[in-house]
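Coordinates as given in work.cif (mmCIF, C-alpha atoms and all ligand atoms):
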data_start
#
loop_
_atom_site.group_PDB
_atom_site.id
_atom_site.type_symbol
_atom_site.label_atom_id
_atom_site.label_comp_id
_atom_site.auth_asym_id
_atom_site.auth_seq_id
_atom_site.Cartn_x
_atom_site.Cartn_y
_atom_site.Cartn_z
ATOM 1 C CA MET A 1 -136.487 -51.280 11.662
ATOM 2 C CA THR A 2 -133.761 -51.390 14.217
ATOM 3 C CA ILE A 3 -135.255 -54.581 15.715
ATOM 4 C CA PHE A 4 -135.163 -56.464 12.391
ATOM 5 C CA ASN A 5 -131.519 -55.643 11.863
ATOM 6 C CA PHE A 6 -130.664 -57.676 14.900
ATOM 7 C CA CYS A 7 -133.110 -60.619 14.318
ATOM 8 C CA ASN A 8 -131.835 -63.991 13.197
ATOM 9 C CA PHE A 9 -133.707 -65.046 10.089
ATOM 10 C CA GLN A 10 -134.279 -68.579 11.403
ATOM 11 C CA LEU A 11 -135.811 -67.266 14.593
ATOM 12 C CA LEU A 12 -137.895 -64.719 12.824
ATOM 13 C CA ASP A 13 -141.191 -65.716 14.446
ATOM 14 C CA ALA A 14 -139.704 -65.572 17.904
ATOM 15 C CA CYS A 15 -138.011 -62.390 17.006
ATOM 16 C CA ILE A 16 -141.246 -60.877 15.682
ATOM 17 C CA SER A 17 -143.090 -62.051 18.798
ATOM 18 C CA SER A 18 -140.365 -60.540 20.884
ATOM 19 C CA CYS A 19 -140.607 -57.487 18.825
ATOM 20 C CA ASN A 20 -144.382 -57.357 19.253
ATOM 21 C CA ASN A 21 -143.985 -57.608 22.972
ATOM 22 C CA TYR A 22 -141.220 -55.075 22.868
ATOM 23 C CA CYS A 23 -143.123 -52.801 20.544
ATOM 24 C CA TYR A 24 -146.195 -53.087 22.706
ATOM 25 C CA SER A 25 -144.181 -52.169 25.727
ATOM 26 C CA ILE A 26 -142.670 -49.278 23.729
ATOM 27 C CA ASP A 27 -146.162 -48.105 22.723
ATOM 28 C CA GLU A 28 -147.385 -48.377 26.274
ATOM 29 C CA MET A 29 -144.371 -46.470 27.506
ATOM 30 C CA LYS A 30 -144.958 -43.805 24.859
ATOM 31 C CA ASP A 31 -148.614 -43.518 25.853
ATOM 32 C CA ASN A 32 -147.587 -43.097 29.442
ATOM 33 C CA GLN A 33 -145.002 -40.508 28.479
ATOM 34 C CA ILE A 34 -147.548 -38.653 26.356
ATOM 35 C CA LYS A 35 -150.018 -38.697 29.253
ATOM 36 C CA GLN A 36 -147.324 -37.447 31.580
ATOM 37 C CA LEU A 37 -146.329 -34.734 29.114
ATOM 38 C CA ARG A 38 -149.940 -33.651 28.680
ATOM 39 C CA LYS A 39 -150.299 -33.514 32.434
ATOM 40 C CA GLU A 40 -147.164 -31.379 32.679
ATOM 41 C CA GLN A 41 -148.356 -29.260 29.759
ATOM 42 C CA LYS A 42 -151.620 -28.630 31.594
ATOM 43 C CA ILE A 43 -149.766 -27.654 34.756
ATOM 44 C CA LEU A 44 -147.535 -25.321 32.745
ATOM 45 C CA SER A 45 -150.527 -23.765 30.984
ATOM 46 C CA GLU A 46 -152.179 -23.112 34.312
ATOM 47 C CA ARG A 47 -148.933 -21.622 35.621
ATOM 48 C CA ILE A 48 -148.645 -19.401 32.525
ATOM 49 C CA ASP A 49 -152.226 -18.216 32.977
ATOM 50 C CA GLN A 50 -151.473 -17.461 36.601
ATOM 51 C CA LEU A 51 -148.301 -15.496 35.733
ATOM 52 C CA THR A 52 -150.067 -13.624 32.921
ATOM 53 C CA SER A 53 -152.764 -12.584 35.344
ATOM 54 C CA THR A 54 -150.144 -11.406 37.876
ATOM 55 C CA ASN A 55 -148.278 -9.453 35.193
ATOM 56 C CA THR A 56 -151.474 -7.730 34.136
ATOM 57 C CA GLU A 57 -152.037 -6.614 37.712
ATOM 58 C CA LYS A 58 -148.454 -5.391 37.895
ATOM 59 C CA ASP A 59 -148.832 -3.541 34.580
ATOM 60 C CA VAL A 60 -151.867 -1.722 35.918
ATOM 61 C CA LYS A 61 -149.968 -0.774 39.076
ATOM 62 C CA THR A 62 -146.890 0.298 37.085
ATOM 63 C CA GLN A 63 -148.981 2.442 34.768
ATOM 64 C CA GLY A 64 -150.544 4.089 37.813
ATOM 65 C CA ARG A 65 -147.127 4.843 39.248
ATOM 66 C CA THR A 66 -145.867 6.140 35.887
ATOM 67 C CA ASP A 67 -148.810 8.528 35.656
ATOM 68 C CA GLU A 68 -148.139 9.675 39.203
ATOM 69 C CA MET A 69 -144.443 10.246 38.460
ATOM 70 C CA GLU A 70 -145.256 12.215 35.314
ATOM 71 C CA THR A 71 -147.552 14.474 37.314
ATOM 72 C CA VAL A 72 -144.842 15.025 39.941
ATOM 73 C CA THR A 73 -142.234 15.714 37.225
ATOM 74 C CA GLU A 74 -144.528 18.249 35.571
ATOM 75 C CA ASN A 75 -145.088 19.984 38.900
ATOM 76 C CA ILE A 76 -141.339 20.115 39.601
ATOM 77 C CA SER A 77 -140.669 21.439 36.112
ATOM 78 C CA ALA A 78 -143.280 24.189 36.481
ATOM 79 C CA GLN A 79 -141.889 25.140 39.888
ATOM 80 C CA SER A 80 -138.351 25.160 38.483
ATOM 81 C CA GLU A 81 -139.365 27.488 35.654
ATOM 82 C CA GLU A 82 -140.954 29.879 38.142
ATOM 83 C CA GLU A 83 -137.768 29.848 40.228
ATOM 84 C CA ASP A 84 -135.614 30.416 37.123
ATOM 85 C CA THR A 85 -137.701 33.439 36.186
ATOM 86 C CA GLU A 86 -137.375 34.798 39.689
ATOM 87 C CA MET A 87 -133.620 34.122 39.668
ATOM 88 C CA GLU A 88 -133.216 36.037 36.434
ATOM 89 C CA SER A 89 -134.968 39.092 37.791
ATOM 90 C CA LEU A 90 -132.828 38.935 40.909
ATOM 91 C CA LYS A 91 -129.466 38.361 39.254
ATOM 92 C CA PHE A 92 -128.419 41.955 39.088
ATOM 93 C CA LYS A 93 -129.861 42.610 42.521
ATOM 94 C CA LEU A 94 -127.898 39.979 44.377
ATOM 95 C CA VAL A 95 -125.805 42.410 46.296
ATOM 96 C CA ASP A 96 -128.480 45.047 46.524
ATOM 97 C CA ASP A 97 -129.371 44.333 50.100
ATOM 98 C CA GLN A 98 -125.768 44.587 51.202
ATOM 99 C CA LEU A 99 -125.405 47.889 49.417
ATOM 100 C CA LYS A 100 -128.577 49.252 50.883
ATOM 101 C CA GLU A 101 -127.195 49.010 54.388
ATOM 102 C CA PRO A 102 -127.350 52.327 56.219
ATOM 103 C CA ILE A 103 -124.942 54.809 54.707
ATOM 104 C CA ASP A 104 -122.356 56.006 57.190
ATOM 105 C CA ASP A 105 -121.705 59.683 57.837
ATOM 106 C CA ASP A 106 -118.758 59.944 55.444
ATOM 107 C CA ASP A 107 -120.776 58.411 52.658
ATOM 108 C CA GLN A 108 -123.714 60.687 53.421
ATOM 109 C CA GLN A 109 -121.442 63.703 53.132
ATOM 110 C CA GLU A 110 -119.951 62.432 49.887
ATOM 111 C CA LEU A 111 -123.388 61.744 48.465
ATOM 112 C CA ALA A 112 -124.729 65.119 49.556
ATOM 113 C CA HIS A 113 -121.720 66.813 48.041
ATOM 114 C CA SER A 114 -122.011 64.998 44.744
ATOM 115 C CA GLU A 115 -125.709 65.670 44.431
ATOM 116 C CA SER A 116 -125.292 69.347 45.193
ATOM 117 C CA THR A 117 -122.743 69.982 42.445
ATOM 118 C CA GLU A 118 -123.746 71.598 39.208
ATOM 119 C CA TYR A 119 -122.258 68.571 37.433
ATOM 120 C CA ASN A 120 -124.789 66.216 38.885
ATOM 121 C CA GLU A 121 -127.701 68.499 38.118
ATOM 122 C CA TYR A 122 -128.382 67.662 34.501
ATOM 123 C CA SER A 123 -125.123 68.931 33.058
ATOM 124 C CA THR A 124 -123.848 66.954 30.094
ATOM 125 C CA GLU A 125 -120.130 67.342 30.614
ATOM 126 C CA THR A 126 -117.689 66.564 33.394
ATOM 127 C CA PRO A 127 -116.514 70.114 34.103
ATOM 128 C CA GLU A 128 -113.704 69.218 36.454
ATOM 129 C CA ILE A 129 -112.081 66.849 33.974
ATOM 130 C CA ASP A 130 -110.449 67.847 30.707
ATOM 131 C CA THR A 131 -111.024 64.769 28.543
ATOM 132 C CA SER A 132 -109.096 66.000 25.500
ATOM 133 C CA ASP A 133 -106.096 63.767 26.103
ATOM 134 C CA TRP A 134 -108.077 60.629 26.912
ATOM 135 C CA ILE A 135 -108.410 57.663 24.562
ATOM 136 C CA VAL A 136 -112.043 56.670 23.985
ATOM 137 C CA VAL A 137 -112.405 52.905 24.403
ATOM 138 C CA GLN A 138 -116.202 52.600 24.467
ATOM 139 C CA ARG A 139 -119.127 54.835 23.578
ATOM 140 C CA ARG A 140 -122.927 54.439 23.353
ATOM 141 C CA ILE A 141 -124.988 57.226 21.803
ATOM 142 C CA ASP A 142 -127.840 55.459 19.965
ATOM 143 C CA ASN A 143 -129.018 52.071 18.708
ATOM 144 C CA THR A 144 -127.400 52.156 15.265
ATOM 145 C CA VAL A 145 -124.637 49.731 16.248
ATOM 146 C CA ASP A 146 -125.412 46.284 17.654
ATOM 147 C CA PHE A 147 -123.386 45.475 20.779
ATOM 148 C CA GLN A 148 -124.717 41.929 21.076
ATOM 149 C CA ARG A 149 -121.668 40.445 19.388
ATOM 150 C CA ASN A 150 -119.402 37.452 19.580
ATOM 151 C CA TRP A 151 -115.943 37.015 21.103
ATOM 152 C CA LYS A 152 -114.138 37.712 17.845
ATOM 153 C CA ASP A 153 -115.802 41.123 17.481
ATOM 154 C CA TYR A 154 -115.143 42.144 21.075
ATOM 155 C CA LYS A 155 -111.555 41.001 20.707
ATOM 156 C CA ARG A 156 -110.784 43.163 17.653
ATOM 157 C CA GLY A 157 -113.273 45.994 18.333
ATOM 158 C CA PHE A 158 -116.152 47.435 16.320
ATOM 159 C CA GLY A 159 -118.138 50.582 15.561
ATOM 160 C CA ASN A 160 -116.960 54.094 14.806
ATOM 161 C CA PRO A 161 -114.378 55.820 17.045
ATOM 162 C CA ASN A 162 -116.479 58.990 16.769
ATOM 163 C CA GLY A 163 -119.793 57.261 17.500
ATOM 164 C CA ASN A 164 -120.906 53.962 18.984
ATOM 165 C CA TYR A 165 -117.680 52.153 19.596
ATOM 166 C CA PHE A 166 -115.699 49.460 21.340
ATOM 167 C CA ILE A 167 -111.929 49.632 20.947
ATOM 168 C CA GLY A 168 -111.350 45.883 21.245
ATOM 169 C CA LEU A 169 -110.103 43.762 24.128
ATOM 170 C CA GLU A 170 -106.744 43.034 22.519
ATOM 171 C CA ASN A 171 -106.103 46.776 22.243
ATOM 172 C CA LEU A 172 -107.147 47.289 25.854
ATOM 173 C CA TYR A 173 -104.736 44.545 26.900
ATOM 174 C CA LEU A 174 -101.820 45.900 24.864
ATOM 175 C CA LEU A 175 -102.361 49.470 26.058
ATOM 176 C CA THR A 176 -102.803 48.722 29.735
ATOM 177 C CA LYS A 177 -99.972 46.211 29.986
ATOM 178 C CA ALA A 178 -97.465 48.785 28.682
ATOM 179 C CA LYS A 179 -97.995 51.314 31.450
ATOM 180 C CA ARG A 180 -100.368 52.309 34.201
ATOM 181 C CA TYR A 181 -103.674 53.701 32.938
ATOM 182 C CA GLU A 182 -106.599 55.352 34.625
ATOM 183 C CA LEU A 183 -110.177 54.828 33.491
ATOM 184 C CA LEU A 184 -112.912 57.444 33.268
ATOM 185 C CA ILE A 185 -116.541 56.527 32.578
ATOM 186 C CA GLU A 186 -119.140 59.165 31.748
ATOM 187 C CA LEU A 187 -122.843 58.342 31.959
ATOM 188 C CA ARG A 188 -126.104 60.060 31.120
ATOM 189 C CA ASP A 189 -129.715 59.080 31.712
ATOM 190 C CA VAL A 190 -132.788 59.896 29.642
ATOM 191 C CA ASN A 191 -133.494 62.985 31.777
ATOM 192 C CA GLY A 192 -130.105 64.490 30.961
ATOM 193 C CA ALA A 193 -128.574 63.802 34.364
ATOM 194 C CA THR A 194 -124.901 62.891 34.186
ATOM 195 C CA GLY A 195 -122.494 61.062 36.421
ATOM 196 C CA TYR A 196 -118.995 59.690 36.227
ATOM 197 C CA ALA A 197 -116.821 56.992 37.723
ATOM 198 C CA ARG A 198 -113.053 57.104 37.735
ATOM 199 C CA TYR A 199 -110.503 54.425 38.575
ATOM 200 C CA ASP A 200 -106.788 55.129 38.923
ATOM 201 C CA ASN A 201 -105.234 51.803 37.858
ATOM 202 C CA PHE A 202 -107.146 50.086 35.070
ATOM 203 C CA ALA A 203 -105.654 46.942 33.499
ATOM 204 C CA VAL A 204 -107.002 44.106 31.369
ATOM 205 C CA GLY A 205 -105.318 40.704 30.982
ATOM 206 C CA SER A 206 -104.415 38.895 27.766
ATOM 207 C CA GLU A 207 -106.657 36.640 25.692
ATOM 208 C CA ILE A 208 -105.116 33.634 27.465
ATOM 209 C CA GLU A 209 -106.638 35.120 30.629
ATOM 210 C CA ASP A 210 -109.905 35.783 28.757
ATOM 211 C CA TYR A 211 -109.163 39.501 29.092
ATOM 212 C CA THR A 212 -109.751 39.426 32.846
ATOM 213 C CA LEU A 213 -110.365 42.756 34.525
ATOM 214 C CA ASN A 214 -107.110 42.537 36.434
ATOM 215 C CA SER A 215 -107.015 45.925 38.100
ATOM 216 C CA LEU A 216 -109.128 49.022 38.755
ATOM 217 C CA GLY A 217 -107.344 50.902 41.507
ATOM 218 C CA ALA A 218 -109.109 53.477 43.626
ATOM 219 C CA TYR A 219 -112.579 54.714 42.717
ATOM 220 C CA SER A 220 -113.733 58.310 42.678
ATOM 221 C CA GLY A 221 -116.744 59.950 41.057
ATOM 222 C CA THR A 222 -120.437 60.739 41.279
ATOM 223 C CA ALA A 223 -122.047 57.664 39.746
ATOM 224 C CA GLY A 224 -120.917 55.236 42.411
ATOM 225 C CA ASP A 225 -118.653 52.259 41.997
ATOM 226 C CA SER A 226 -120.407 49.660 39.860
ATOM 227 C CA LEU A 227 -117.246 48.104 38.454
ATOM 228 C CA SER A 228 -115.289 46.845 41.470
ATOM 229 C CA ALA A 229 -117.792 43.994 41.810
ATOM 230 C CA HIS A 230 -116.480 42.836 38.430
ATOM 231 C CA LEU A 231 -112.800 42.916 39.415
ATOM 232 C CA ASN A 232 -110.943 39.692 38.534
ATOM 233 C CA MET A 233 -113.819 38.587 36.312
ATOM 234 C CA LYS A 234 -113.124 37.306 32.815
ATOM 235 C CA PHE A 235 -114.765 38.940 29.831
ATOM 236 C CA SER A 236 -117.858 37.113 28.514
ATOM 237 C CA THR A 237 -119.713 37.331 25.227
ATOM 238 C CA ILE A 238 -122.774 35.584 23.798
ATOM 239 C CA ASP A 239 -120.569 32.773 22.498
ATOM 240 C CA ARG A 240 -118.006 32.702 25.331
ATOM 241 C CA ASP A 241 -119.496 32.216 28.795
ATOM 242 C CA ASN A 242 -116.724 33.013 31.272
ATOM 243 C CA ASP A 243 -118.929 34.330 34.069
ATOM 244 C CA ILE A 244 -119.385 32.627 37.437
ATOM 245 C CA TRP A 245 -123.128 32.142 37.057
ATOM 246 C CA GLU A 246 -124.383 28.684 36.077
ATOM 247 C CA ARG A 247 -126.041 30.264 33.032
ATOM 248 C CA SER A 248 -124.736 32.888 30.608
ATOM 249 C CA CYS A 249 -125.126 36.529 31.710
ATOM 250 C CA SER A 250 -124.090 37.751 28.275
ATOM 251 C CA SER A 251 -126.687 35.687 26.426
ATOM 252 C CA ILE A 252 -129.498 36.480 28.843
ATOM 253 C CA TYR A 253 -128.734 40.116 29.718
ATOM 254 C CA ASN A 254 -126.978 41.101 26.501
ATOM 255 C CA GLY A 255 -123.642 42.588 25.532
ATOM 256 C CA GLY A 256 -120.079 41.606 26.304
ATOM 257 C CA TRP A 257 -118.828 42.525 29.790
ATOM 258 C CA TRP A 258 -116.762 41.338 32.715
ATOM 259 C CA PHE A 259 -119.826 39.600 34.113
ATOM 260 C CA SER A 260 -119.671 37.918 37.496
ATOM 261 C CA ASN A 261 -123.017 36.633 38.758
ATOM 262 C CA CYS A 262 -124.047 38.857 36.857
ATOM 263 C CA GLY A 263 -122.870 42.024 38.638
ATOM 264 C CA HIS A 264 -123.464 45.739 39.120
ATOM 265 C CA SER A 265 -122.924 47.129 35.639
ATOM 266 C CA SER A 266 -123.258 46.317 31.955
ATOM 267 C CA LEU A 267 -122.508 49.201 29.608
ATOM 268 C CA ASN A 268 -122.700 47.133 26.424
ATOM 269 C CA GLY A 269 -126.319 46.064 26.862
ATOM 270 C CA ILE A 270 -129.310 46.901 24.656
ATOM 271 C CA PHE A 271 -129.726 50.614 23.827
ATOM 272 C CA ASN A 272 -133.206 51.896 24.588
ATOM 273 C CA SER A 273 -133.700 55.542 23.617
ATOM 274 C CA GLY A 274 -136.680 55.705 26.005
ATOM 275 C CA GLY A 275 -134.356 55.085 28.934
ATOM 276 C CA GLY A 276 -136.413 52.219 30.346
ATOM 277 C CA ASP A 277 -135.229 48.713 30.875
ATOM 278 C CA LYS A 278 -137.196 45.505 30.635
ATOM 279 C CA GLY A 279 -135.465 42.600 32.272
ATOM 280 C CA LEU A 280 -132.013 44.007 33.023
ATOM 281 C CA ILE A 281 -130.952 43.885 29.400
ATOM 282 C CA GLY A 282 -130.095 47.573 29.004
ATOM 283 C CA ILE A 283 -127.134 49.859 29.648
ATOM 284 C CA LEU A 284 -126.719 49.511 33.390
ATOM 285 C CA TRP A 285 -124.764 51.246 36.123
ATOM 286 C CA GLY A 286 -126.606 50.170 39.231
ATOM 287 C CA SER A 287 -124.912 52.309 41.853
ATOM 288 C CA TRP A 288 -125.668 55.679 40.317
ATOM 289 C CA LYS A 289 -126.993 57.910 43.113
ATOM 290 C CA ARG A 290 -127.244 54.700 45.086
ATOM 291 C CA SER A 291 -130.654 54.181 43.540
ATOM 292 C CA TRP A 292 -130.074 50.631 42.254
ATOM 293 C CA ASP A 293 -133.077 51.187 40.052
ATOM 294 C CA TRP A 294 -132.827 48.459 37.463
ATOM 295 C CA ASN A 295 -135.688 49.948 35.455
ATOM 296 C CA ILE A 296 -133.256 52.579 34.159
ATOM 297 C CA SER A 297 -131.313 51.976 30.977
ATOM 298 C CA LEU A 298 -128.805 54.756 30.320
ATOM 299 C CA ILE A 299 -128.817 56.545 26.965
ATOM 300 C CA TYR A 300 -125.152 57.496 26.926
ATOM 301 C CA SER A 301 -121.890 56.045 28.137
ATOM 302 C CA LYS A 302 -118.280 56.784 27.319
ATOM 303 C CA MET A 303 -115.276 54.893 28.674
ATOM 304 C CA MET A 304 -111.888 56.553 28.322
ATOM 305 C CA ILE A 305 -108.361 55.741 29.439
ATOM 306 C CA ARG A 306 -105.113 57.671 29.654
ATOM 307 C CA PRO A 307 -101.675 57.008 31.118
ATOM 308 C CA LYS A 308 -101.714 57.729 34.801
ATOM 309 C CA MET A 309 -99.965 60.958 35.688
ATOM 310 C CA SER A 310 -97.855 60.623 38.779
HETATM 311 CA CA CA B 401 -121.847 30.991 33.223
#
Show me this structure written as structure tokens.
Ligand SMILES: [Ca+2]
Amino acid sequence: MTIFNFCNFQLLDACISSCNNYCYSIDEMKDNQIKQLRKEQKILSERIDQLTSTNTEKDVKTQGRTDEMETVTENISAQSEEEDTEMESLKFKLVDDQLKEPIDDDDQQELAHSESTEYNEYSTETPEIDTSDWIVVQRRIDNTVDFQRNWKDYKRGFGNPNGNYFIGLENLYLLTKAKRYELLIELRDVNGATGYARYDNFAVGSEIEDYTLNSLGAYSGTAGDSLSAHLNMKFSTIDRDNDIWERSCSSIYNGGWWFSNCGHSSLNGIFNSGGGDKGLIGILWGSWKRSWDWNISLIYSKMMIRPKMS
């Protein structure tokens, strides 16, 4: 159509002839282009087939590597779980080896003395201490009160002051910030043996400090010092992990405490009237008689404070 628009009517024949020649040359050119395109299409098809084949080979290799990586990942995961389990069982024993170093002569004498007293031979009281003027801040006597509680409960306190009891961290803070207090802890195992630990300058920080165990003072007693390892530790509960372990001591070992990593004691753990402990979740005071026997869960504890006499 375009050709006719430019043809002079009088020269129509010549124009048509020209057009025929032109159109022929156009057709020939188109044929050539089509041939060329088909040739290129064939080359491209062959190239696509080649690439598809290569990709298939790569896919097979990739799948092989993926399977291999999954196997390795599974192995690492299984190994990691085994190590985690081992870590958990060792958590409370971290400092055991240090503490099991040979006892020097002074310690031997102290230990011999403490074990020879009537107090340490299955008595149920602390005869040398009149506890009438002490304030009870914690007590465990049976399993009727759950000590696996959240931050709010440990902050305000719970239980019965005459039975299983925790006075509350805010109360501990307010009491011990006002004046110097000493702390007395009485313990009893399932066989009726008793021990005590006493500290002459007990102080707990404010909630802003997460009720850090700020001070203990000097230790004395028969149960060994299982609290100094927790000095300067923040209080932790199941919903407030303030310990220095990568996981949560409170959630895994139970009860709120001034956990470190996780430490030497935990008097708010699970109560087991049989006195045994499965997995360091019980009422623990590791240093008692220097036994560091973590299979023992105590069946009684009482923490008391009173203003320090001069
Ligand atoms: Ca932690």
Near ligand CA 401 (chain B), 7 Å: chain A residue rows, closest pairs, all atoms listed in the file, as a Markdown table:
| residue | atom | partner | partner_atom | distance |
| --- | --- | --- | --- | --- |
| A:Asp241 | CA | B:CA401 | CA | 5.2 |
| A:Asn242 | CA | B:CA401 | CA | 5.8 |
| A:Asp243 | CA | B:CA401 | CA | 4.5 |
| A:Ile244 | CA | B:CA401 | CA | 5.1 |
| A:Trp245 | CA | B:CA401 | CA | 4.2 |
| A:Glu246 | CA | B:CA401 | CA | 4.5 |
| A:Arg247 | CA | B:CA401 | CA | 4.3 |
| A:Ser248 | CA | B:CA401 | CA | 4.3 |
| A:Cys249 | CA | B:CA401 | CA | 6.6 |
Those same residues - C-alpha atoms - I'd like them written as an mmCIF file, in the coordinates of the input.
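Generated file (out_28.cif):
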data_model
loop_
_atom_site.group_PDB
_atom_site.id
_atom_site.type_symbol
_atom_site.label_atom_id
_atom_site.label_comp_id
_atom_site.auth_asym_id
_atom_site.auth_seq_id
_atom_site.Cartn_x
_atom_site.Cartn_y
_atom_site.Cartn_z
ATOM 1 C CA ASP A 241 -119.496 32.216 28.795
ATOM 2 C CA ASN A 242 -116.724 33.013 31.272
ATOM 3 C CA ASP A 243 -118.929 34.330 34.069
ATOM 4 C CA ILE A 244 -119.385 32.627 37.437
ATOM 5 C CA TRP A 245 -123.128 32.142 37.057
ATOM 6 C CA GLU A 246 -124.383 28.684 36.077
ATOM 7 C CA ARG A 247 -126.041 30.264 33.032
ATOM 8 C CA SER A 248 -124.736 32.888 30.608
ATOM 9 C CA CYS A 249 -125.126 36.529 31.710
#
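If all atoms listed in the file are the atoms counted, then among A:Ile185, A:Ile270, A:Ala193, A:Leu169 the closest residue to Lys234 (chain A) is A:Leu169.
Residues selected in this file by the PyMOL selection byres (((chain A and resi 252) around 10) and not hetatm) comprise Glu88, Ile238, Arg247, Ser248, Cys249, Ser250, Ser251, Tyr253, Asn254, Gly255, Cys262, Gly279, Leu280 and Ile281 of chain A.
With all atoms listed in the file as the atoms that count, the minimum distance from Asp142 (chain A) to the choices A:Met29, A:Val190, A:Met233, A:Ile305 is reached by A:Val190.
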Could you work out an axis-aligned bounding box for all listed atoms of region 46-64 of chain A, with 5 Å added on each of the six sides, and give its centre and edge lengths in Å to one decimal, as lines of an AutoDock Vina configuration file?
center_x = -149.8
center_y = -9.5
center_z = 35.8
size_x = 15.9
size_y = 37.2
size_z = 16.6
Counting all atoms listed in the file, the residue of A:Arg38, A:Arg140, A:Lys58, A:Arg306 that sits nearest Gly269 (chain A)
A:Arg140
Find the spatial neighbours of Lys177 (chain A), counting all atoms listed in the file, within a cut-off of 9 Å - ignore same-chain residues fewer than 2 positions away - and output them as a PyMOL selection string.
chain A and resi 172-175+179-181+203-206
Atoms to include: C-alpha atoms. Write the selected residues as a compact mmCIF listing (two decimals), in the frame of the given file.
# COMPACT_ATOMS: atom_id res chain seq x y z
CA LEU A 172 -107.15 47.29 25.85
CA TYR A 173 -104.74 44.54 26.90
CA LEU A 174 -101.82 45.90 24.86
CA LEU A 175 -102.36 49.47 26.06
CA LYS A 179 -98.00 51.31 31.45
CA ARG A 180 -100.37 52.31 34.20
CA TYR A 181 -103.67 53.70 32.94
CA ALA A 203 -105.65 46.94 33.50
CA VAL A 204 -107.00 44.11 31.37
CA GLY A 205 -105.32 40.70 30.98
CA SER A 206 -104.42 38.90 27.77
A straight line from CA of Ile141 (chain A) to CA of Met309 (chain A) spans 28.9 Å
Write out as JSON, numbers by chain each polymer residue whose atoms come within 8 Å of region 282-299 of chain A, counting all atoms listed in the file; drop sequence neighbours fewer than 6 positions from it.
{"A": [96, 111, 115, 140, 141, 142, 187, 188, 189, 190, 195, 222, 223, 224, 225, 226, 253, 254, 264, 265, 266, 267, 268, 269, 270, 271, 272, 273, 274, 275, 276]}
Can you patch up region 199-212 of chain A, filling it in to N, CA and C atoms, and show the result as a PDB file, in the frame of the given file?
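Written file, part-v7.pdb:
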ATOM      1  N   TYR A 199    -111.346  55.418  37.897  1.00  0.00           N
ATOM      2  CA  TYR A 199    -110.503  54.425  38.575  1.00  0.00           C
ATOM      3  C   TYR A 199    -109.046  54.730  38.214  1.00  0.00           C
ATOM      4  N   ASP A 200    -108.142  54.614  39.174  1.00  0.00           N
ATOM      5  CA  ASP A 200    -106.788  55.129  38.923  1.00  0.00           C
ATOM      6  C   ASP A 200    -105.761  54.064  38.522  1.00  0.00           C
ATOM      7  N   ASN A 201    -106.205  52.818  38.306  1.00  0.00           N
ATOM      8  CA  ASN A 201    -105.234  51.803  37.858  1.00  0.00           C
ATOM      9  C   ASN A 201    -105.961  50.693  37.105  1.00  0.00           C
ATOM     10  N   PHE A 202    -106.317  51.000  35.870  1.00  0.00           N
ATOM     11  CA  PHE A 202    -107.146  50.086  35.070  1.00  0.00           C
ATOM     12  C   PHE A 202    -106.254  49.183  34.220  1.00  0.00           C
ATOM     13  N   ALA A 203    -106.457  47.872  34.307  1.00  0.00           N
ATOM     14  CA  ALA A 203    -105.654  46.942  33.499  1.00  0.00           C
ATOM     15  C   ALA A 203    -106.465  45.707  33.142  1.00  0.00           C
ATOM     16  N   VAL A 204    -106.297  45.292  31.889  1.00  0.00           N
ATOM     17  CA  VAL A 204    -107.002  44.106  31.369  1.00  0.00           C
ATOM     18  C   VAL A 204    -105.968  43.050  30.981  1.00  0.00           C
ATOM     19  N   GLY A 205    -106.250  41.797  31.288  1.00  0.00           N
ATOM     20  CA  GLY A 205    -105.318  40.704  30.982  1.00  0.00           C
ATOM     21  C   GLY A 205    -105.337  40.325  29.503  1.00  0.00           C
ATOM     22  N   SER A 206    -104.536  39.337  29.161  1.00  0.00           N
ATOM     23  CA  SER A 206    -104.415  38.895  27.766  1.00  0.00           C
ATOM     24  C   SER A 206    -105.571  37.969  27.389  1.00  0.00           C
ATOM     25  N   GLU A 207    -105.596  37.562  26.129  1.00  0.00           N
ATOM     26  CA  GLU A 207    -106.657  36.640  25.692  1.00  0.00           C
ATOM     27  C   GLU A 207    -106.539  35.293  26.410  1.00  0.00           C
ATOM     28  N   ILE A 208    -105.294  34.892  26.723  1.00  0.00           N
ATOM     29  CA  ILE A 208    -105.116  33.634  27.465  1.00  0.00           C
ATOM     30  C   ILE A 208    -105.851  33.704  28.808  1.00  0.00           C
ATOM     31  N   GLU A 209    -105.925  34.910  29.356  1.00  0.00           N
ATOM     32  CA  GLU A 209    -106.638  35.120  30.629  1.00  0.00           C
ATOM     33  C   GLU A 209    -108.102  35.504  30.385  1.00  0.00           C
ATOM     34  N   ASP A 210    -108.553  35.367  29.129  1.00  0.00           N
ATOM     35  CA  ASP A 210    -109.905  35.783  28.757  1.00  0.00           C
ATOM     36  C   ASP A 210    -110.146  37.257  29.085  1.00  0.00           C
ATOM     37  N   TYR A 211    -109.099  38.047  28.897  1.00  0.00           N
ATOM     38  CA  TYR A 211    -109.163  39.501  29.092  1.00  0.00           C
ATOM     39  C   TYR A 211    -109.748  39.878  30.460  1.00  0.00           C
ATOM     40  N   THR A 212    -109.293  39.164  31.467  1.00  0.00           N
ATOM     41  CA  THR A 212    -109.751  39.426  32.846  1.00  0.00           C
ATOM     42  C   THR A 212    -109.547  40.885  33.238  1.00  0.00           C
TER      43      THR A 212
END
